[in-house]
Amino acid sequence: MNAMLDFFHPMLDLEYIQSLPYITPYTDRRTVLILGGCSGLGWYTVLHLYLHGYVIYITGRSKSRVLKSIDELRQESINIRSNYTSQELNERYLGELLYLELDLSQLSSVLSAANKLINTERNLNILINNLSTNFIPYMKTQDGFEIQLQLNYISPFLLIIKLLPLLENTTNYYPEIEPPKIIYTSSPSHYFFFSYFSMDEDFKYKPIFFFNWIRYGKAKISGIHLIKMLSLRNPKILSTIVDPGFVMNPTIFSYFTRLPIIGILFWCLFEIFGYFFGSTMEEGSFSVIKNCLDPDLTFDDNGKIFDTNGKEVKGSRVANNMDYAARTWIWTINKLNEKNIHIPN
Ligand SMILES: NC(=O)c1ccc[n+]([C@@H]2O[C@H](COP(=O)([O-])OP(=O)(O)OC[C@H]3O[C@@H](n4cnc5c(N)ncnc54)[C@H](OP(=O)(O)O)[C@@H]3O)[C@@H](O)[C@H]2O)c1
């Protein structure tokens, strides 16, 4: 019951966030790559990491959209820092905000973004997969995958695999600092699955709005499987999952609220549910920020799922089944092989 109440009453403990360690970027360069960092939860995650001195690559399809977001983040940081004491100003440095071109609907774009980062940085401290697809209707990408699966799972899978050496370099070069981290934002939608499904099943059924949600859930459960597998296969990296709960981000529900007639019903439903149980976007980012900065997180936490308050939760039975996770992994490697992208098994 308490866990249920926590889930529905998210907190945003700004004092706690401010108490977490600050980095001096001039002497200690710590790098972050975030997918989906220029809106929603991602925007607030970037804001707090930037205030903590991290060098952050924000990926995006549109350079102008990311640069606009960077301007807003800089302005908001100035506002926040105007309330710092002079001692805080002397001890807390701003990091750096950088744009990295990446369209996750194209595997070729994933490969070139990974290469660009590998050629620019010596190591990577944190990789955050915070991408959202807003329940887009069924379609195939030019790589031939169902779009929500590619954006939320297949492309992040490929990017993570390509960047594993860069993440592992953090442990190799700086064994004395906290471990490199991979953080995957999941969703309560992963609970839709009570049994395992064939990865080739695209759920192209009607009603469309319902199966859009199911496809989103399938992509998110595949993402959890990925993290579970990484936590076993790559013990030099701390891989965790965050389920932000129900966040009142208008864009994520726009597919449903724009539907003719029934859209009004959805709008009322989301507003009422959100009023009582929803969290703001900044509250929704709390657990991701905690996973990034909390020095108490250790390799004992590898593969764990954390709720919106940063507390460990179990996740669904299908998400936790390692046989299923291995099947999802092998399916993905085979599919990428078919595209001439070879990943060691
Ligand atoms: N909001 C919720 O209630 C909720 C609940 C549970 C879990 N989550 C999860 O929390 C995370 C953040 O959610 P959010 O609501 O904050 O997301 P959001 O504001 O909708 O952000 C989506 C981000 O994904 C990017 N994106 C979309 N398609 C892309 C593509 N083809 N290539 C590259 N980037 C692309 C967008 O970039 P562009 O600017 O290029 O469009 C945008 O920055 C997601 O993983 C979501 O599944 C959210």
# chains A, B, ... in the order shown; residues from 1 in each chain; ligands from 1
$ residues_near_ligand --ligand "ligand 1" --cutoff "8 Å" --atoms "only C-alpha atoms and all ligand atoms" --output "short mmCIF file (atom, residue, chain, number, x, y, z; two decimals) with C-alpha atoms, in the first residue's frame"
data_model
loop_
_atom_site.label_atom_id
_atom_site.label_comp_id
_atom_site.auth_asym_id
_atom_site.auth_seq_id
_atom_site.Cartn_x
_atom_site.Cartn_y
_atom_site.Cartn_z
CA LEU A 35 18.64 11.08 -25.85
CA GLY A 36 15.50 13.22 -25.78
CA GLY A 37 17.07 15.97 -23.66
CA CYS A 38 15.42 19.07 -25.11
CA SER A 39 11.90 18.63 -23.75
CA GLY A 40 9.89 17.11 -20.91
CA LEU A 41 11.74 15.19 -18.20
CA GLY A 42 14.92 15.27 -20.28
CA TRP A 43 15.05 19.07 -20.19
CA THR A 59 20.91 14.61 -29.14
CA GLY A 60 18.23 15.74 -31.56
CA ARG A 61 16.92 15.56 -35.08
CA SER A 62 16.67 19.30 -35.44
CA ARG A 65 15.31 22.92 -31.74
CA VAL A 66 18.23 21.70 -29.63
CA LEU A 102 20.94 11.98 -34.06
CA ASP A 103 17.74 10.73 -35.64
CA LEU A 104 16.88 7.46 -33.96
CA SER A 105 14.55 6.44 -36.77
CA GLN A 106 17.67 5.77 -38.90
CA ASN A 129 18.07 6.97 -22.79
CA ASN A 130 15.12 9.28 -22.21
CA LEU A 131 13.47 9.04 -25.59
CA SER A 132 9.73 9.17 -25.98
CA THR A 133 7.59 8.45 -29.01
CA ASN A 134 4.24 9.82 -27.84
CA LEU A 151 13.00 4.65 -31.41
CA ASN A 152 12.62 3.29 -27.88
CA TYR A 184 16.93 3.78 -19.32
CA THR A 185 13.57 5.51 -18.77
CA SER A 186 10.79 2.99 -18.94
CA SER A 187 7.06 3.35 -18.34
CA PRO A 188 4.19 1.75 -16.40
CA SER A 189 3.01 0.56 -19.86
CA LYS A 220 9.68 -0.34 -23.14
CA ASP A 243 10.01 4.34 -14.29
CA PRO A 244 8.93 8.01 -13.99
CA GLY A 245 5.27 7.10 -13.38
CA PHE A 246 2.50 9.36 -14.68
CA VAL A 247 4.01 12.70 -15.75
CA MET A 248 1.82 15.54 -16.98
CA ASN A 249 3.67 16.21 -20.21
CA PRO A 250 1.04 17.46 -22.69
CA THR A 251 3.00 16.21 -25.72
CA ILE A 252 3.08 12.57 -24.66
CA PHE A 253 -0.71 12.26 -24.61
CA GLY A 278 0.23 13.03 -11.88
CA MET A 281 7.91 17.21 -15.56
CA GLY A 284 9.26 13.23 -13.09
#
$ select_by_dssp --residues "range 57-130 of chain A" --states "strand (DSSP E)" --output "PyMOL selection string"
chain A and resi 57-60+96-101+126-129
$ closest_residue --among "A:Ala326, A:Leu293, A:Ile183, A:Ile23" --to "Leu232 in chain A" --atoms "only C-alpha atoms"
A:Ala326
$ closest_residue --among "A:Ile154, A:Ile126, A:Ile136, A:Ile261" --to "Ser239 in chain A" --atoms "only C-alpha atoms"
A:Ile126
$ select_by_dssp --residues "range 31-260 of chain A" --states "helix (DSSP H, G or I)" --output "number ranges by chain"
A: 40-51, 63-81, 86-91, 107-120, 147-173, 188-192, 208-233, 254-257
$ residues_around --residues "Thr240 in chain A" --least-positions-apart "4" --cutoff "8 Å" --atoms "only C-alpha atoms" --output "VMD selection string"
chain A and resid 181 to 184 227 291 301 to 306
$ atom_distance --atom1 "CA of Ile289 in chain A" --atom2 "CA of Leu49 in chain A"
7.4 Å
$ residues_around --residues "Gln18 in chain A" --least-positions-apart "6" --cutoff "10 Å" --atoms "only C-alpha atoms" --output "PyMOL selection string"
chain A and resi 48+51-52
$ write_last_selection --atoms "N, CA and C atoms" --output "PDB file, in the first residue's frame"
ATOM      1  N   HIS A  48      19.643  20.111 -14.303  1.00  0.00           N
ATOM      2  CA  HIS A  48      20.289  19.849 -13.009  1.00  0.00           C
ATOM      3  C   HIS A  48      21.709  19.303 -13.182  1.00  0.00           C
ATOM      4  N   LEU A  51      23.853  22.279 -13.953  1.00  0.00           N
ATOM      5  CA  LEU A  51      24.118  23.040 -12.728  1.00  0.00           C
ATOM      6  C   LEU A  51      25.148  22.336 -11.850  1.00  0.00           C
ATOM      7  N   HIS A  52      25.281  21.028 -12.028  1.00  0.00           N
ATOM      8  CA  HIS A  52      26.249  20.246 -11.239  1.00  0.00           C
ATOM      9  C   HIS A  52      27.600  20.121 -11.942  1.00  0.00           C
TER      10      HIS A  52
END
$ closest_residue --among "A:Leu124, A:Leu107, A:Val288, A:Val32" --to "Gln142 in chain A" --atoms "only C-alpha atoms"
A:Leu107
$ closest_residue --among "A:Lys335, A:Asn125, A:Gly217, A:Phe194" --to "Tyr173 in chain A" --atoms "only C-alpha atoms"
A:Asn125
$ closest_residue --among "A:Phe209, A:Asp307, A:Trp329, A:Pro295" --to "Arg258 in chain A" --atoms "only C-alpha atoms"
A:Phe209
$ residues_around --residues "Tyr26 in chain A" --least-positions-apart "3" --cutoff "12 Å" --atoms "only C-alpha atoms" --output "list in words"
Ile23, Arg29, Arg30, Gly53, Tyr54, Val55, Arg92, Tyr93, Leu94, Gly95 and Glu96 of chain A
$ write_last_selection --atoms "N, CA and C atoms" --output "short mmCIF file (atom, residue, chain, number, x, y, z; two decimals), in the first residue's frame"
data_model
loop_
_atom_site.label_atom_id
_atom_site.label_comp_id
_atom_site.auth_asym_id
_atom_site.auth_seq_id
_atom_site.Cartn_x
_atom_site.Cartn_y
_atom_site.Cartn_z
N ILE A 23 30.71 18.96 -9.74
CA ILE A 23 31.95 18.68 -10.46
C ILE A 23 32.57 20.01 -10.89
N ARG A 29 36.59 16.64 -16.10
CA ARG A 29 35.57 16.65 -17.15
C ARG A 29 34.72 15.38 -17.07
N ARG A 30 33.43 15.53 -16.78
CA ARG A 30 32.52 14.36 -16.73
C ARG A 30 31.46 14.54 -17.83
N GLY A 53 27.76 20.80 -13.08
CA GLY A 53 29.08 20.87 -13.70
C GLY A 53 29.36 19.84 -14.79
N TYR A 54 28.35 19.12 -15.24
CA TYR A 54 28.58 18.07 -16.25
C TYR A 54 28.61 18.64 -17.67
N VAL A 55 29.38 17.99 -18.52
CA VAL A 55 29.43 18.33 -19.95
C VAL A 55 28.40 17.43 -20.63
N ARG A 92 30.30 26.04 -7.02
CA ARG A 92 29.49 25.32 -8.02
C ARG A 92 29.70 25.93 -9.40
N TYR A 93 30.18 25.12 -10.31
CA TYR A 93 30.44 25.61 -11.67
C TYR A 93 29.43 25.03 -12.64
N LEU A 94 29.13 25.82 -13.66
CA LEU A 94 28.26 25.29 -14.71
C LEU A 94 29.06 24.37 -15.62
N GLY A 95 28.38 23.36 -16.16
CA GLY A 95 29.05 22.46 -17.11
C GLY A 95 29.03 23.05 -18.51
N GLU A 96 28.77 22.21 -19.48
CA GLU A 96 28.78 22.65 -20.88
C GLU A 96 27.61 21.94 -21.58
#
$ decode --residues "range 27-40 of chain A" --atoms "all heavy atoms" --output "PDB file, in the first residue's frame"
ATOM      1  N   THR A  27      38.772  21.022 -14.088  1.00  0.00           N
ATOM      2  CA  THR A  27      39.781  20.055 -13.629  1.00  0.00           C
ATOM      3  C   THR A  27      39.292  18.618 -13.761  1.00  0.00           C
ATOM      4  O   THR A  27      40.072  17.684 -13.701  1.00  0.00           O
ATOM      5  CB  THR A  27      40.121  20.302 -12.143  1.00  0.00           C
ATOM      6  OG1 THR A  27      38.903  20.287 -11.406  1.00  0.00           O
ATOM      7  CG2 THR A  27      40.850  21.610 -11.960  1.00  0.00           C
ATOM      8  N   ASP A  28      37.988  18.437 -13.930  1.00  0.00           N
ATOM      9  CA  ASP A  28      37.412  17.094 -13.873  1.00  0.00           C
ATOM     10  C   ASP A  28      36.251  17.022 -14.877  1.00  0.00           C
ATOM     11  O   ASP A  28      35.119  17.336 -14.543  1.00  0.00           O
ATOM     12  CB  ASP A  28      36.902  16.861 -12.441  1.00  0.00           C
ATOM     13  CG  ASP A  28      36.381  15.461 -12.254  1.00  0.00           C
ATOM     14  OD1 ASP A  28      36.545  14.642 -13.162  1.00  0.00           O
ATOM     15  OD2 ASP A  28      35.788  15.195 -11.193  1.00  0.00           O
ATOM     16  N   ARG A  29      36.591  16.644 -16.097  1.00  0.00           N
ATOM     17  CA  ARG A  29      35.568  16.650 -17.150  1.00  0.00           C
ATOM     18  C   ARG A  29      34.724  15.375 -17.072  1.00  0.00           C
ATOM     19  O   ARG A  29      35.228  14.268 -17.252  1.00  0.00           O
ATOM     20  CB  ARG A  29      36.272  16.729 -18.509  1.00  0.00           C
ATOM     21  CG  ARG A  29      35.354  16.847 -19.698  1.00  0.00           C
ATOM     22  CD  ARG A  29      36.200  16.845 -20.973  1.00  0.00           C
ATOM     23  NE  ARG A  29      35.374  16.702 -22.148  1.00  0.00           N
ATOM     24  CZ  ARG A  29      34.767  17.706 -22.765  1.00  0.00           C
ATOM     25  NH1 ARG A  29      34.924  18.929 -22.306  1.00  0.00           N
ATOM     26  NH2 ARG A  29      34.035  17.489 -23.840  1.00  0.00           N
ATOM     27  N   ARG A  30      33.426  15.535 -16.783  1.00  0.00           N
ATOM     28  CA  ARG A  30      32.518  14.365 -16.734  1.00  0.00           C
ATOM     29  C   ARG A  30      31.465  14.539 -17.833  1.00  0.00           C
ATOM     30  O   ARG A  30      30.766  15.545 -17.879  1.00  0.00           O
ATOM     31  CB  ARG A  30      31.817  14.269 -15.385  1.00  0.00           C
ATOM     32  CG  ARG A  30      32.757  14.223 -14.213  1.00  0.00           C
ATOM     33  CD  ARG A  30      32.868  12.852 -13.587  1.00  0.00           C
ATOM     34  NE  ARG A  30      33.886  12.872 -12.555  1.00  0.00           N
ATOM     35  CZ  ARG A  30      33.675  12.621 -11.276  1.00  0.00           C
ATOM     36  NH1 ARG A  30      32.467  12.292 -10.879  1.00  0.00           N
ATOM     37  NH2 ARG A  30      34.647  12.656 -10.408  1.00  0.00           N
ATOM     38  N   THR A  31      31.365  13.525 -18.681  1.00  0.00           N
ATOM     39  CA  THR A  31      30.517  13.671 -19.859  1.00  0.00           C
ATOM     40  C   THR A  31      29.235  12.849 -19.750  1.00  0.00           C
ATOM     41  O   THR A  31      29.225  11.745 -19.206  1.00  0.00           O
ATOM     42  CB  THR A  31      31.280  13.209 -21.120  1.00  0.00           C
ATOM     43  OG1 THR A  31      31.899  11.970 -20.816  1.00  0.00           O
ATOM     44  CG2 THR A  31      32.301  14.219 -21.566  1.00  0.00           C
ATOM     45  N   VAL A  32      28.176  13.418 -20.322  1.00  0.00           N
ATOM     46  CA  VAL A  32      26.860  12.768 -20.330  1.00  0.00           C
ATOM     47  C   VAL A  32      26.329  12.818 -21.756  1.00  0.00           C
ATOM     48  O   VAL A  32      26.498  13.825 -22.446  1.00  0.00           O
ATOM     49  CB  VAL A  32      25.861  13.537 -19.423  1.00  0.00           C
ATOM     50  CG1 VAL A  32      24.488  12.878 -19.451  1.00  0.00           C
ATOM     51  CG2 VAL A  32      26.373  13.653 -18.007  1.00  0.00           C
ATOM     52  N   LEU A  33      25.708  11.727 -22.176  1.00  0.00           N
ATOM     53  CA  LEU A  33      24.972  11.743 -23.450  1.00  0.00           C
ATOM     54  C   LEU A  33      23.517  11.473 -23.115  1.00  0.00           C
ATOM     55  O   LEU A  33      23.206  10.481 -22.456  1.00  0.00           O
ATOM     56  CB  LEU A  33      25.512  10.647 -24.381  1.00  0.00           C
ATOM     57  CG  LEU A  33      24.735  10.460 -25.685  1.00  0.00           C
ATOM     58  CD1 LEU A  33      24.905  11.668 -26.597  1.00  0.00           C
ATOM     59  CD2 LEU A  33      25.214   9.200 -26.422  1.00  0.00           C
ATOM     60  N   ILE A  34      22.628  12.373 -23.563  1.00  0.00           N
ATOM     61  CA  ILE A  34      21.209  12.156 -23.275  1.00  0.00           C
ATOM     62  C   ILE A  34      20.399  12.160 -24.560  1.00  0.00           C
ATOM     63  O   ILE A  34      20.529  13.056 -25.398  1.00  0.00           O
ATOM     64  CB  ILE A  34      20.673  13.193 -22.249  1.00  0.00           C
ATOM     65  CG1 ILE A  34      19.170  12.918 -21.971  1.00  0.00           C
ATOM     66  CG2 ILE A  34      20.880  14.626 -22.687  1.00  0.00           C
ATOM     67  CD1 ILE A  34      18.639  13.597 -20.718  1.00  0.00           C
ATOM     68  N   LEU A  35      19.570  11.132 -24.721  1.00  0.00           N
ATOM     69  CA  LEU A  35      18.638  11.079 -25.851  1.00  0.00           C
ATOM     70  C   LEU A  35      17.322  11.703 -25.373  1.00  0.00           C
ATOM     71  O   LEU A  35      16.826  11.353 -24.310  1.00  0.00           O
ATOM     72  CB  LEU A  35      18.356   9.630 -26.273  1.00  0.00           C
ATOM     73  CG  LEU A  35      19.541   8.679 -26.406  1.00  0.00           C
ATOM     74  CD1 LEU A  35      19.069   7.337 -26.942  1.00  0.00           C
ATOM     75  CD2 LEU A  35      20.597   9.263 -27.315  1.00  0.00           C
ATOM     76  N   GLY A  36      16.763  12.593 -26.181  1.00  0.00           N
ATOM     77  CA  GLY A  36      15.500  13.224 -25.778  1.00  0.00           C
ATOM     78  C   GLY A  36      15.726  14.219 -24.646  1.00  0.00           C
ATOM     79  O   GLY A  36      14.965  14.225 -23.674  1.00  0.00           O
ATOM     80  N   GLY A  37      16.745  15.068 -24.769  1.00  0.00           N
ATOM     81  CA  GLY A  37      17.072  15.974 -23.663  1.00  0.00           C
ATOM     82  C   GLY A  37      16.554  17.385 -23.850  1.00  0.00           C
ATOM     83  O   GLY A  37      16.811  18.245 -23.020  1.00  0.00           O
ATOM     84  N   CYS A  38      15.811  17.654 -24.935  1.00  0.00           N
ATOM     85  CA  CYS A  38      15.423  19.067 -25.111  1.00  0.00           C
ATOM     86  C   CYS A  38      13.953  19.317 -24.819  1.00  0.00           C
ATOM     87  O   CYS A  38      13.444  20.390 -25.118  1.00  0.00           O
ATOM     88  CB  CYS A  38      15.872  19.617 -26.462  1.00  0.00           C
ATOM     89  SG  CYS A  38      15.162  18.848 -27.873  1.00  0.00           S
ATOM     90  N   SER A  39      13.266  18.350 -24.207  1.00  0.00           N
ATOM     91  CA  SER A  39      11.896  18.630 -23.754  1.00  0.00           C
ATOM     92  C   SER A  39      11.564  17.711 -22.584  1.00  0.00           C
ATOM     93  O   SER A  39      12.308  16.777 -22.283  1.00  0.00           O
ATOM     94  CB  SER A  39      10.894  18.421 -24.897  1.00  0.00           C
ATOM     95  OG  SER A  39      10.886  17.064 -25.282  1.00  0.00           O
ATOM     96  N   GLY A  40      10.424  17.988 -21.959  1.00  0.00           N
ATOM     97  CA  GLY A  40       9.892  17.111 -20.908  1.00  0.00           C
ATOM     98  C   GLY A  40      10.878  16.831 -19.781  1.00  0.00           C
ATOM     99  O   GLY A  40      11.630  17.700 -19.344  1.00  0.00           O
TER     100      GLY A  40
END
